[in-house]
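Input: a single structure, listed below in structure tokens.
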Amino acid sequence: MDNQQRRFMIQNGAILRRVAPDIKHGYKEKDLLRSFEESQAFINHETMRLESSYKKMKSINLLDEIFVAIDYPKAYIAKSYQIESLYSRANLIVVGTAQWQDKNGEIGRSDIVRGSINAFKYANTIAQDAPTKTIRKEIDRIHGIDLLTPESQITKITDQLSAKTDAIELSFFQVSSLSKLITRLNKILSLTVPLKENDVVKIGQAIYIILNLEQRKINELKKTNFIQTISLRRLKQFNPLRSMTVATARDIEEPKQCPNKLSFQSPTKTLPIVGMIDGGVYKRNNDFLQYVSEHFEVDSSPSNIAREHGTSVASVLMYGELPNNNQTVTPELAVESIRALPSKTDKFMLDLLDLDNILKNAIPKMAQIKIWNISIGPRGPVLDDHIGSLTAILDKLAYKFDVLFVIAVGNTGMEQGLSKRIQIPADSVNNFAITAYTKRRGKHLTADYASIGPGREGGKMKPDIIEHGGNGDNDVILTFSSTPWFLNKQLGTSFAAPLIARLLAKLLWYFPELDILALRATVTQYLALNFKSSRNIYDDAKGEISTDPQKVMEATANEFRIKYSGEMTTGTEVLIDVPIPTKLANKSLEFTWTTAVKTDVDASRPDAYTKFGIEDTFYSDADKYDFYNADTHKRKRAKINEEDKIQFLLEHGFVQSQQPVAHNKAYLTTPFESDSKDEAAKRRQLKWDTVKSQRIISRVSSLNRPFIKLHAISRDSSHNRVSYCVVLSVRAKNDMGLYQRTLNQYPQLIPLTQRVNSGRV
């Protein structure tokens with residue numbers, strides 16, 4: 001079927017975009033939680049308590065400035081209640097945010113504030129004087145003031161610590177002097193090899209240091225004031241490979257093998273390139289792997305087990321799953337490999353500092369390679385109050401260079417408790433996390449070993465996609481090995497991820513008009529169209545995806561699919577019209593759409609990690625409005641052409657809303673309990689997620705110039721340009737000509753075109 005016959009997604013929906021009319025947003029003053037005098041007394045008491053805690057601290061555990069958590073209750077967690085005037089007058093700096101939970105389970109938030117003890121005392125003086133109305137309001141929002149220490153975090157992980165050395169990742173808030181921080185850590189820890197500034201990973205304002213420490217020395221950090229979080233990375237069971245091969249200091253299991261009966265045929269054209277970050281590739285005297293290049297690698301010599309893993313991953317990227325017979329195979333993709341394993345100190349260990357440094361060096365130099373597979377990572381689950389350095393690095397690189405990392409979620413699904421959760425960096429919000437299924441009795445079942453969701457703020461619905469990962473002798477993924485005479489029998493999320501990465505690379509090759517943001521939206525839309533409400537995303541991902549690139553991009557006969565891409569400034573709104581052809585045979589239509597946003601991230605704010613977001617709202621009737629009477633609290637609805645009805649309502653004290661009646665949000669999620677419409681509920685309902693899907697069904701009779709409103713939001717009051725992509729599908733159950741009739745009625749709409757295939761992809 002050629003381009004003219006295929007029902008490919010419509011690419012230029014942006015021509016249906018229009019500027020939203022100006023809306024005057026009303027603001028109702030919130031009732032104060034305390035009287036003004038009570039707030040003053042509370043601030044004075046909390047400051048005295050802070051000063052007492054400060055005096056009890058040893059000087060070695062403090063820097064020149066202290067870090068303090070200033071808590072907001074649930075009623076004040078929206079950004080509009082941010083304390084600014086008090087901080088500014090007292091010369092206090094917000095260097096991070098966090099969440100906290102009260103005794104009733106209500107979620108509040110905290111500002112992490114840096115300043116001298118005298119600055120905090122001066123803030124109390126200002127509060128007692130309360131020179132402005134703004135400051136009177138701000139002190140009502142303060143629910144607590146506490147000097148920070150990581151004592152509770154270290155206490156929680158004490159039982160997990162071995163008697164020997166453990167790997168920990170320390171993160172720090174923005175400090176005024178990095179050299180003083182390093183000096184203080186060296187003094188506290190008495191390290192054999194002192195820390196230097198080049199041992200530090202800096203990501204935006206966040207600072208990371210990875211250390212191997214004995215339990216005794218970890219406990220020395222309990223009373224420090226300058227650590228943001230401490231995260232345990234156990235060496236004893238450290239497996240950087242996301243295969244089911246175990247790699248520890250004493251337990252090494254090579255993959256099983258079988259004879260290679262395949263023969264090689266060279267491709268007839270230049271191959272598209274996909275990137276791989278792994279343990280390197282054996283390619284000497286191996287024709288099957290001759291289309292692998294490796295220009296960047298860590299300084300340490302390769303390890304056999306890591307390179308065998310990388311060789312298998314590269315094989316999957318190039319060929320997919322191999323047959324076990326006498327066929328001839330041709331690579332569909334070339335691979336650019338970055339060897340990130342092993343570390344200088346342990347041939348079975350991933351060095352996060354090395355990996356961070358090599359990625360920040362290599363990816364910008366190879367930004368033309370848009371898809372990167374990463375089937376390695378530190379052993380450790382995603383934590384809600386900690387952003388791993390590798391997660392932040394991948395999100396920053398994806399945002400800055402328009403690349404996409406395809407990440408294996410890990411294989412800890414058979415462990416207990418939190419350890420089952422997806423492994424860092426699968427919580428990356430600008431990238432895809434891949435889990436694995438096994439084939440059993442003709443069914444695809446989520447593999448028992450696969451790590452499970454959820455993700456974190458900004459990307460809660462993780463994993464994204466599920467793909468074949470195998471599960472034993474009768475269900476394995478065959479790959480080329482370090483020798484051309486044998487194939488590896490592999491299983492694990494390590495080998496599910498490259499199956500997705502190769503599909504995405506082929507999609508970009510077949511459809512060069514797609515960019516990375518549109519690719520994320522399009523793939524997620526495919527999953528949304530096949531999503532069932534009973535699906536548990538945390539266990540099973542959002543779904544499987546076709547291995548045929550054309551099918552991913554093609555609408556069904558009773559559907560038209562349209563892409564809207566563009567940029568908008570945070571704080572503004574745009575409206576995108578939904579084209580509906582006339583003479584519909586069905587009584588109802590199904591609307592499914594996916595919204596993706598490109599966002600920078602802030603690793604110092606785990607509860608506010610994504611900087612930008614898009615709120616998307618569906619309006620089925622552009623002429624239907626609410627009318628509200630504030631005295632009687634009654635609400636009526638009317639269309640703008642019902643002039644007599646509207647006149648009656650206006651004469652009886654009703655006021656017309658500024659926008660038409662909106663449809664309730666209908667995000668496709670793992671179901672939450674019923675939520676209210678406060679800020680905490682909005683966050684649970686994907687307000688800040690970088691990619692999200694909705695589905696509604698509307699009667700045709702209720703449709704009148706339907707549209708979707710997009711509202712670009714930021715965590716602060718800044719005005720930034722934000723890139724977005726919306727992919728919308730409209731389906732009519734039995735209308736097999738919907739796609740063509742839509743194009744006939746809207747001739748300005750243009751479908752995507754497929755690259756002419758002059759050889760194998």
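Labels for the structure tokens follow display order: chains A, B, ..., residues from 1 in each chain, ligands from 1.
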Write out as a tab-separated table (two decimals) with N, CA and C atoms, in the first residue's frame the residues lying within 7 Å of Ala306 of chain A, counting only C-alpha atoms and excluding same-chain residues fewer than 4 positions away.
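Dumped everything to part-v1.tsv:
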```tsv
chain	number	residue	atom	x	y	z
A	279	GLY	N	28.12	-1.99	27.99
A	279	GLY	CA	29.43	-2.49	28.40
A	279	GLY	C	30.41	-2.67	27.29
A	310	GLY	N	26.79	-6.05	26.40
A	310	GLY	CA	26.68	-5.01	25.37
A	310	GLY	C	26.59	-5.58	23.98
A	341	LEU	N	30.97	0.76	31.03
A	341	LEU	CA	31.36	-0.20	32.06
A	341	LEU	C	32.73	-0.76	31.71
```
Report as a PDB file with N, CA, C and O atoms, in the first residue's frame: the residues of segment 402-573 of chain A with a DSSP assignment of alpha helix (DSSP H), based on the backbone of this structure.
```
ATOM      1  N   THR A 493      14.842  -7.289  31.166  1.00  0.00           N
ATOM      2  CA  THR A 493      14.409  -6.009  30.593  1.00  0.00           C
ATOM      3  C   THR A 493      15.507  -5.383  29.746  1.00  0.00           C
ATOM      4  O   THR A 493      15.239  -4.535  28.900  1.00  0.00           O
ATOM      5  N   SER A 494      16.767  -5.818  29.936  1.00  0.00           N
ATOM      6  CA  SER A 494      17.871  -5.350  29.096  1.00  0.00           C
ATOM      7  C   SER A 494      17.602  -5.576  27.613  1.00  0.00           C
ATOM      8  O   SER A 494      18.098  -4.829  26.774  1.00  0.00           O
ATOM      9  N   PHE A 495      16.831  -6.632  27.294  1.00  0.00           N
ATOM     10  CA  PHE A 495      16.648  -7.002  25.899  1.00  0.00           C
ATOM     11  C   PHE A 495      15.257  -6.658  25.391  1.00  0.00           C
ATOM     12  O   PHE A 495      15.024  -6.695  24.178  1.00  0.00           O
ATOM     13  N   ALA A 496      14.374  -6.289  26.310  1.00  0.00           N
ATOM     14  CA  ALA A 496      13.099  -5.692  25.896  1.00  0.00           C
ATOM     15  C   ALA A 496      13.329  -4.262  25.427  1.00  0.00           C
ATOM     16  O   ALA A 496      12.757  -3.815  24.422  1.00  0.00           O
ATOM     17  N   ALA A 497      14.183  -3.516  26.137  1.00  0.00           N
ATOM     18  CA  ALA A 497      14.417  -2.100  25.807  1.00  0.00           C
ATOM     19  C   ALA A 497      14.942  -1.903  24.387  1.00  0.00           C
ATOM     20  O   ALA A 497      14.434  -1.048  23.651  1.00  0.00           O
ATOM     21  N   PRO A 498      15.972  -2.654  23.924  1.00  0.00           N
ATOM     22  CA  PRO A 498      16.459  -2.402  22.564  1.00  0.00           C
ATOM     23  C   PRO A 498      15.461  -2.766  21.471  1.00  0.00           C
ATOM     24  O   PRO A 498      15.557  -2.237  20.360  1.00  0.00           O
ATOM     25  N   LEU A 499      14.509  -3.656  21.751  1.00  0.00           N
ATOM     26  CA  LEU A 499      13.456  -3.921  20.768  1.00  0.00           C
ATOM     27  C   LEU A 499      12.619  -2.666  20.536  1.00  0.00           C
ATOM     28  O   LEU A 499      12.195  -2.378  19.418  1.00  0.00           O
ATOM     29  N   ILE A 500      12.387  -1.904  21.603  1.00  0.00           N
ATOM     30  CA  ILE A 500      11.654  -0.639  21.469  1.00  0.00           C
ATOM     31  C   ILE A 500      12.551   0.430  20.839  1.00  0.00           C
ATOM     32  O   ILE A 500      12.120   1.199  19.970  1.00  0.00           O
ATOM     33  N   ALA A 501      13.804   0.500  21.264  1.00  0.00           N
ATOM     34  CA  ALA A 501      14.715   1.519  20.723  1.00  0.00           C
ATOM     35  C   ALA A 501      14.860   1.372  19.207  1.00  0.00           C
ATOM     36  O   ALA A 501      14.876   2.367  18.472  1.00  0.00           O
ATOM     37  N   ARG A 502      14.972   0.144  18.713  1.00  0.00           N
ATOM     38  CA  ARG A 502      15.112  -0.040  17.264  1.00  0.00           C
ATOM     39  C   ARG A 502      13.836   0.359  16.535  1.00  0.00           C
ATOM     40  O   ARG A 502      13.887   0.938  15.452  1.00  0.00           O
ATOM     41  N   LEU A 503      12.671   0.091  17.137  1.00  0.00           N
ATOM     42  CA  LEU A 503      11.412   0.518  16.521  1.00  0.00           C
ATOM     43  C   LEU A 503      11.358   2.040  16.426  1.00  0.00           C
ATOM     44  O   LEU A 503      10.977   2.600  15.383  1.00  0.00           O
ATOM     45  N   LEU A 504      11.752   2.737  17.482  1.00  0.00           N
ATOM     46  CA  LEU A 504      11.707   4.203  17.479  1.00  0.00           C
ATOM     47  C   LEU A 504      12.677   4.781  16.454  1.00  0.00           C
ATOM     48  O   LEU A 504      12.354   5.763  15.764  1.00  0.00           O
ATOM     49  N   ALA A 505      13.863   4.186  16.339  1.00  0.00           N
ATOM     50  CA  ALA A 505      14.824   4.655  15.342  1.00  0.00           C
ATOM     51  C   ALA A 505      14.273   4.463  13.931  1.00  0.00           C
ATOM     52  O   ALA A 505      14.451   5.319  13.051  1.00  0.00           O
ATOM     53  N   LYS A 506      13.590   3.340  13.697  1.00  0.00           N
ATOM     54  CA  LYS A 506      12.995   3.094  12.379  1.00  0.00           C
ATOM     55  C   LYS A 506      11.842   4.056  12.105  1.00  0.00           C
ATOM     56  O   LYS A 506      11.656   4.526  10.974  1.00  0.00           O
ATOM     57  N   LEU A 507      11.069   4.383  13.145  1.00  0.00           N
ATOM     58  CA  LEU A 507       9.991   5.358  12.972  1.00  0.00           C
ATOM     59  C   LEU A 507      10.531   6.702  12.511  1.00  0.00           C
ATOM     60  O   LEU A 507       9.976   7.342  11.608  1.00  0.00           O
ATOM     61  N   LEU A 508      11.619   7.151  13.134  1.00  0.00           N
ATOM     62  CA  LEU A 508      12.206   8.432  12.736  1.00  0.00           C
ATOM     63  C   LEU A 508      12.761   8.367  11.316  1.00  0.00           C
ATOM     64  O   LEU A 508      12.742   9.367  10.596  1.00  0.00           O
ATOM     65  N   TRP A 509      13.267   7.211  10.907  1.00  0.00           N
ATOM     66  CA  TRP A 509      13.794   7.080   9.550  1.00  0.00           C
ATOM     67  C   TRP A 509      12.660   7.060   8.536  1.00  0.00           C
ATOM     68  O   TRP A 509      12.713   7.748   7.515  1.00  0.00           O
ATOM     69  N   TYR A 510      11.630   6.290   8.808  1.00  0.00           N
ATOM     70  CA  TYR A 510      10.503   6.194   7.879  1.00  0.00           C
ATOM     71  C   TYR A 510       9.747   7.517   7.758  1.00  0.00           C
ATOM     72  O   TYR A 510       9.236   7.866   6.695  1.00  0.00           O
ATOM     73  N   ILE A 516      11.460  14.441  18.108  1.00  0.00           N
ATOM     74  CA  ILE A 516      11.436  13.567  19.281  1.00  0.00           C
ATOM     75  C   ILE A 516      10.169  13.763  20.107  1.00  0.00           C
ATOM     76  O   ILE A 516       9.562  12.793  20.586  1.00  0.00           O
ATOM     77  N   LEU A 517       9.741  15.010  20.287  1.00  0.00           N
ATOM     78  CA  LEU A 517       8.540  15.250  21.083  1.00  0.00           C
ATOM     79  C   LEU A 517       7.312  14.638  20.411  1.00  0.00           C
ATOM     80  O   LEU A 517       6.471  14.015  21.069  1.00  0.00           O
ATOM     81  N   ALA A 518       7.210  14.804  19.095  1.00  0.00           N
ATOM     82  CA  ALA A 518       6.099  14.202  18.364  1.00  0.00           C
ATOM     83  C   ALA A 518       6.170  12.682  18.419  1.00  0.00           C
ATOM     84  O   ALA A 518       5.138  11.998  18.478  1.00  0.00           O
ATOM     85  N   LEU A 519       7.380  12.130  18.410  1.00  0.00           N
ATOM     86  CA  LEU A 519       7.532  10.679  18.515  1.00  0.00           C
ATOM     87  C   LEU A 519       7.006  10.177  19.852  1.00  0.00           C
ATOM     88  O   LEU A 519       6.277   9.172  19.912  1.00  0.00           O
ATOM     89  N   ARG A 520       7.355  10.865  20.939  1.00  0.00           N
ATOM     90  CA  ARG A 520       6.848  10.461  22.258  1.00  0.00           C
ATOM     91  C   ARG A 520       5.329  10.518  22.308  1.00  0.00           C
ATOM     92  O   ARG A 520       4.673   9.613  22.837  1.00  0.00           O
ATOM     93  N   ALA A 521       4.761  11.588  21.769  1.00  0.00           N
ATOM     94  CA  ALA A 521       3.303  11.729  21.785  1.00  0.00           C
ATOM     95  C   ALA A 521       2.636  10.666  20.913  1.00  0.00           C
ATOM     96  O   ALA A 521       1.616  10.081  21.294  1.00  0.00           O
ATOM     97  N   THR A 522       3.215  10.396  19.739  1.00  0.00           N
ATOM     98  CA  THR A 522       2.616   9.454  18.799  1.00  0.00           C
ATOM     99  C   THR A 522       2.632   8.031  19.344  1.00  0.00           C
ATOM    100  O   THR A 522       1.644   7.299  19.251  1.00  0.00           O
ATOM    101  N   VAL A 523       3.760   7.629  19.915  1.00  0.00           N
ATOM    102  CA  VAL A 523       3.868   6.280  20.472  1.00  0.00           C
ATOM    103  C   VAL A 523       2.929   6.118  21.663  1.00  0.00           C
ATOM    104  O   VAL A 523       2.237   5.100  21.799  1.00  0.00           O
ATOM    105  N   THR A 524       2.880   7.124  22.537  1.00  0.00           N
ATOM    106  CA  THR A 524       1.983   7.046  23.695  1.00  0.00           C
ATOM    107  C   THR A 524       0.527   7.050  23.251  1.00  0.00           C
ATOM    108  O   THR A 524      -0.327   6.393  23.860  1.00  0.00           O
ATOM    109  N   GLN A 525       0.219   7.768  22.171  1.00  0.00           N
ATOM    110  CA  GLN A 525      -1.144   7.767  21.642  1.00  0.00           C
ATOM    111  C   GLN A 525      -1.532   6.380  21.139  1.00  0.00           C
ATOM    112  O   GLN A 525      -2.662   5.925  21.355  1.00  0.00           O
ATOM    113  N   TYR A 526      -0.610   5.692  20.490  1.00  0.00           N
ATOM    114  CA  TYR A 526      -0.881   4.329  20.043  1.00  0.00           C
ATOM    115  C   TYR A 526      -1.248   3.451  21.244  1.00  0.00           C
ATOM    116  O   TYR A 526      -2.191   2.655  21.192  1.00  0.00           O
ATOM    117  N   LEU A 527      -0.504   3.591  22.331  1.00  0.00           N
ATOM    118  CA  LEU A 527      -0.797   2.821  23.537  1.00  0.00           C
ATOM    119  C   LEU A 527      -2.158   3.210  24.117  1.00  0.00           C
ATOM    120  O   LEU A 527      -2.925   2.352  24.563  1.00  0.00           O
ATOM    121  N   ALA A 528      -2.449   4.506  24.115  1.00  0.00           N
ATOM    122  CA  ALA A 528      -3.720   4.987  24.675  1.00  0.00           C
ATOM    123  C   ALA A 528      -4.915   4.440  23.903  1.00  0.00           C
ATOM    124  O   ALA A 528      -5.955   4.117  24.485  1.00  0.00           O
ATOM    125  N   LEU A 529      -4.778   4.337  22.585  1.00  0.00           N
ATOM    126  CA  LEU A 529      -5.884   3.848  21.762  1.00  0.00           C
ATOM    127  C   LEU A 529      -6.201   2.383  22.051  1.00  0.00           C
ATOM    128  O   LEU A 529      -7.313   1.911  21.780  1.00  0.00           O
ATOM    129  N   ILE A 537      -1.072  -0.001  35.120  1.00  0.00           N
ATOM    130  CA  ILE A 537       0.123   0.529  34.464  1.00  0.00           C
ATOM    131  C   ILE A 537       1.370   0.244  35.295  1.00  0.00           C
ATOM    132  O   ILE A 537       2.422  -0.102  34.751  1.00  0.00           O
ATOM    133  N   TYR A 538       1.272   0.361  36.609  1.00  0.00           N
ATOM    134  CA  TYR A 538       2.441   0.174  37.455  1.00  0.00           C
ATOM    135  C   TYR A 538       3.061  -1.209  37.283  1.00  0.00           C
ATOM    136  O   TYR A 538       4.274  -1.383  37.379  1.00  0.00           O
ATOM    137  N   ASP A 539       2.237  -2.228  37.041  1.00  0.00           N
ATOM    138  CA  ASP A 539       2.742  -3.588  36.834  1.00  0.00           C
ATOM    139  C   ASP A 539       2.988  -3.896  35.364  1.00  0.00           C
ATOM    140  O   ASP A 539       3.969  -4.546  35.005  1.00  0.00           O
ATOM    141  N   ASP A 540       2.087  -3.468  34.489  1.00  0.00           N
ATOM    142  CA  ASP A 540       2.048  -3.941  33.109  1.00  0.00           C
ATOM    143  C   ASP A 540       2.384  -2.880  32.069  1.00  0.00           C
ATOM    144  O   ASP A 540       2.284  -3.151  30.869  1.00  0.00           O
ATOM    145  N   PRO A 549       6.477  -0.091  11.944  1.00  0.00           N
ATOM    146  CA  PRO A 549       6.411   1.370  12.055  1.00  0.00           C
ATOM    147  C   PRO A 549       5.201   1.975  11.355  1.00  0.00           C
ATOM    148  O   PRO A 549       4.604   2.941  11.852  1.00  0.00           O
ATOM    149  N   GLN A 550       4.816   1.424  10.201  1.00  0.00           N
ATOM    150  CA  GLN A 550       3.670   1.971   9.470  1.00  0.00           C
ATOM    151  C   GLN A 550       2.378   1.830  10.281  1.00  0.00           C
ATOM    152  O   GLN A 550       1.544   2.740  10.292  1.00  0.00           O
ATOM    153  N   LYS A 551       2.215   0.697  10.957  1.00  0.00           N
ATOM    154  CA  LYS A 551       0.990   0.492  11.742  1.00  0.00           C
ATOM    155  C   LYS A 551       0.912   1.445  12.924  1.00  0.00           C
ATOM    156  O   LYS A 551      -0.177   1.839  13.338  1.00  0.00           O
ATOM    157  N   VAL A 552       2.067   1.795  13.477  1.00  0.00           N
ATOM    158  CA  VAL A 552       2.074   2.747  14.595  1.00  0.00           C
ATOM    159  C   VAL A 552       1.542   4.103  14.142  1.00  0.00           C
ATOM    160  O   VAL A 552       0.850   4.804  14.887  1.00  0.00           O
ATOM    161  N   MET A 553       1.846   4.476  12.897  1.00  0.00           N
ATOM    162  CA  MET A 553       1.481   5.795  12.392  1.00  0.00           C
ATOM    163  C   MET A 553       0.133   5.826  11.680  1.00  0.00           C
ATOM    164  O   MET A 553      -0.349   6.892  11.319  1.00  0.00           O
TER     165      MET A 553
END
```
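Rounded to one decimal, atom CA of Lys202 of chain A and atom CA of Glu297 of chain A lie 20.8 Å from each other.
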Wanna dump the segment 625-720 of chain A-segment 424-445 of chain A contacts at 9 Å for me, each residue with its shortest atom pair and the distance in Å to one decimal, counting only C-alpha atoms, ordered by chain and number, as CSV?
```
residue,atom,partner,partner_atom,distance
A:Asp689,CA,A:Val429,CA,7.7
A:Thr690,CA,A:Val429,CA,6.5
A:Val691,CA,A:Val429,CA,8.5
```
Could those residues be written to a file, using N, CA, C and O atoms, as a PDB file, in the first residue's frame?
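Saved result, selection-v4.pdb, follows:
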```
ATOM      1  N   ASP A 689       2.795  15.858  34.644  1.00  0.00           N
ATOM      2  CA  ASP A 689       3.425  14.796  33.872  1.00  0.00           C
ATOM      3  C   ASP A 689       3.763  15.287  32.464  1.00  0.00           C
ATOM      4  O   ASP A 689       2.999  16.038  31.855  1.00  0.00           O
ATOM      5  N   THR A 690       4.870  14.801  31.935  1.00  0.00           N
ATOM      6  CA  THR A 690       5.352  15.284  30.634  1.00  0.00           C
ATOM      7  C   THR A 690       4.614  14.647  29.469  1.00  0.00           C
ATOM      8  O   THR A 690       4.666  15.164  28.353  1.00  0.00           O
ATOM      9  N   VAL A 691       3.975  13.517  29.685  1.00  0.00           N
ATOM     10  CA  VAL A 691       3.162  12.890  28.641  1.00  0.00           C
ATOM     11  C   VAL A 691       1.974  12.218  29.319  1.00  0.00           C
ATOM     12  O   VAL A 691       2.132  11.530  30.327  1.00  0.00           O
TER      13      VAL A 691
END
```
Among segment 200-425 of chain A, which ones does DSSP assign to strand (DSSP E) (computed from the backbone)? Answer as a ChimeraX atom specification. /A:201-203,206-214,227-233,256-259,263-264,273-278,292-297,328-329,334-339,371-374,404-408
Just-selected residues, C-alpha atoms written as a short mmCIF file (atom, residue, chain, number, x, y, z; two decimals), in the first residue's frame:
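The new file out-v2.cif reads:
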```cif
data_model
loop_
_atom_site.label_atom_id
_atom_site.label_comp_id
_atom_site.auth_asym_id
_atom_site.auth_seq_id
_atom_site.Cartn_x
_atom_site.Cartn_y
_atom_site.Cartn_z
CA VAL A 201 28.71 15.76 39.68
CA LYS A 202 26.87 19.07 39.23
CA ILE A 203 23.46 19.11 37.55
CA ALA A 206 22.13 20.09 42.54
CA ILE A 207 25.41 18.51 43.67
CA TYR A 208 26.15 14.76 43.80
CA ILE A 209 28.99 12.72 45.25
CA ILE A 210 29.22 8.91 45.09
CA LEU A 211 31.33 7.30 47.83
CA ASN A 212 32.19 3.82 49.08
CA LEU A 213 31.89 4.04 52.87
CA GLU A 214 31.90 1.77 55.88
CA ILE A 227 23.11 16.95 52.90
CA GLN A 228 19.91 16.86 50.86
CA THR A 229 19.49 13.07 50.63
CA ILE A 230 21.52 9.91 51.08
CA SER A 231 20.74 6.92 48.89
CA LEU A 232 22.18 3.44 49.37
CA ARG A 233 23.78 1.57 46.47
CA LYS A 256 23.65 -19.88 27.94
CA GLN A 257 24.45 -20.41 24.26
CA CYS A 258 23.44 -22.40 21.20
CA PRO A 259 25.12 -22.90 17.79
CA SER A 263 24.52 -16.40 7.54
CA PHE A 264 25.22 -12.71 6.95
CA ILE A 273 22.12 4.82 13.41
CA VAL A 274 20.86 4.07 16.91
CA GLY A 275 22.92 4.77 20.03
CA MET A 276 23.76 2.36 22.85
CA ILE A 277 25.18 3.00 26.33
CA ASP A 278 26.38 -0.31 27.74
CA VAL A 292 28.99 -1.16 15.28
CA SER A 293 31.18 1.88 16.02
CA GLU A 294 32.61 2.89 19.40
CA HIS A 295 34.13 6.36 19.74
CA PHE A 296 33.63 6.95 23.47
CA GLU A 297 34.54 4.66 26.36
CA THR A 328 20.24 -15.18 6.10
CA VAL A 329 20.08 -12.01 8.17
CA ALA A 334 23.93 0.57 12.65
CA VAL A 335 24.95 1.05 16.29
CA GLU A 336 27.05 3.76 17.91
CA SER A 337 28.25 2.30 21.22
CA ILE A 338 29.38 4.20 24.30
CA ARG A 339 31.21 1.81 26.62
CA ILE A 371 17.57 7.35 19.97
CA TRP A 372 19.80 5.90 22.69
CA ASN A 373 19.30 2.56 24.44
CA ILE A 374 20.45 2.21 28.04
CA LEU A 404 15.40 10.14 23.58
CA PHE A 405 16.77 7.52 25.97
CA VAL A 406 15.06 4.12 26.04
CA ILE A 407 15.70 2.71 29.52
CA ALA A 408 15.31 -0.83 30.90
#
```
Write out as JSON lines a residue-level contact list of segment 300-353 of chain A versus segment 469-476 of chain A with cut-off 12 Å: for each qualifying residue the closest pair of atoms and the distance in Å to one decimal, counting only C-alpha atoms, rows sorted by chain and residue number upward.
```
{"residue": "A:Val313", "atom": "CA", "partner": "A:Gly469", "partner_atom": "CA", "distance": 11.8}
{"residue": "A:Val316", "atom": "CA", "partner": "A:Gly469", "partner_atom": "CA", "distance": 11.2}
{"residue": "A:Gly320", "atom": "CA", "partner": "A:Gly469", "partner_atom": "CA", "distance": 11.8}
{"residue": "A:Glu321", "atom": "CA", "partner": "A:Val476", "partner_atom": "CA", "distance": 9.3}
{"residue": "A:Leu322", "atom": "CA", "partner": "A:Val476", "partner_atom": "CA", "distance": 10.3}
{"residue": "A:Pro323", "atom": "CA", "partner": "A:Val476", "partner_atom": "CA", "distance": 11.0}
{"residue": "A:Asn324", "atom": "CA", "partner": "A:Val476", "partner_atom": "CA", "distance": 11.0}
```
Quick one: residues within 8 Å of Tyr449 of chain A, only C-alpha atoms counted, chain neighbours fewer than 5 positions away excluded, as a ChimeraX atom specification? /A:411-414,492
Store the residues of this selection in a file with N, CA and C atoms, as a CSV table (one decimal), in the first residue's frame.
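Ended up saving to again24.csv:
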```
chain,number,residue,atom,x,y,z
A,411,ASN,N,15.3,-5.6,36.9
A,411,ASN,CA,14.8,-7.0,37.1
A,411,ASN,C,14.6,-7.3,38.6
A,412,THR,N,14.0,-6.4,39.4
A,412,THR,CA,13.9,-6.7,40.8
A,412,THR,C,12.5,-7.0,41.2
A,413,GLY,N,11.7,-7.4,40.3
A,413,GLY,CA,10.2,-7.7,40.5
A,413,GLY,C,10.0,-8.8,41.5
A,414,MET,N,10.9,-9.7,41.7
A,414,MET,CA,10.7,-10.8,42.7
A,414,MET,C,11.3,-10.5,44.1
A,492,GLY,N,15.5,-10.7,30.1
A,492,GLY,CA,15.6,-9.6,31.0
A,492,GLY,C,15.1,-8.3,30.4
```
To one decimal place, how far is atom CA of Ser116 of chain A from atom CA of Arg136 of chain A in Å?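 Distance reported for this atom pair: 22.8 Å.
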Find the residues of segment 380-464 of chain A that sit at most 12 Å from segment 511-515 of chain A; for each, write down the nearest two atoms and how far apart they are in Å, to one decimal. Count only C-alpha atoms. Sort by chain, then by number going up, and give it as a tab-separated table.
```
residue	atom	partner	partner_atom	distance
A:Phe401	CA	A:Asp515	CA	11.6
A:Asp402	CA	A:Asp515	CA	8.1
A:Val403	CA	A:Asp515	CA	9.3
A:Leu404	CA	A:Asp515	CA	10.3
```
Nearest to Gln5 of chain A: which of A:Asp129, A:Glu220, A:Glu554, A:Glu332 is it, counting only C-alpha atoms? A:Glu554
Option closest in space to Lys598 of chain A, from A:Ile713, A:Leu62, A:Leu649, A:Met318 [counting only C-alpha atoms]: A:Ile713
Using only C-alpha atoms, which protein or nucleic acid residues come within 6 Å of segment 608-625 of chain A? Drop anything in the same chain fewer than 5 positions from it, and give the result as a list in words.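 Surrounding residues, per the criterion: Gly458, Thr599, Asp600, Val601, Asp602, Arg637, Ala638, Lys639, Ile640, Pro660, Val661, Ala662, His663, Trp688, Leu703, Asn704, Arg705, Pro706, Phe707, Ile708, Lys709, Leu710, His711, Ala712, Ile713, Ser714 and Arg715 of chain A.
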Computed interatomic separation between atom CA of Leu333 of chain A and atom CA of Pro267 of chain A (Å):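 Taking atom CA of Leu333 of chain A and atom CA of Pro267 of chain A, their separation equals 9.5 Å.
Candidate residues A:Tyr81, A:Phe173, A:Tyr72, A:Tyr564 were compared for distance to Tyr724 of chain A, and the nearest is A:Tyr564, using only C-alpha atoms.
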Name the closest residue to Phe627 of chain A among the candidates A:Ile112, A:Ala603, A:Pro342, A:Val655; distances are taken between atoms, counting only C-alpha atoms. A:Val655
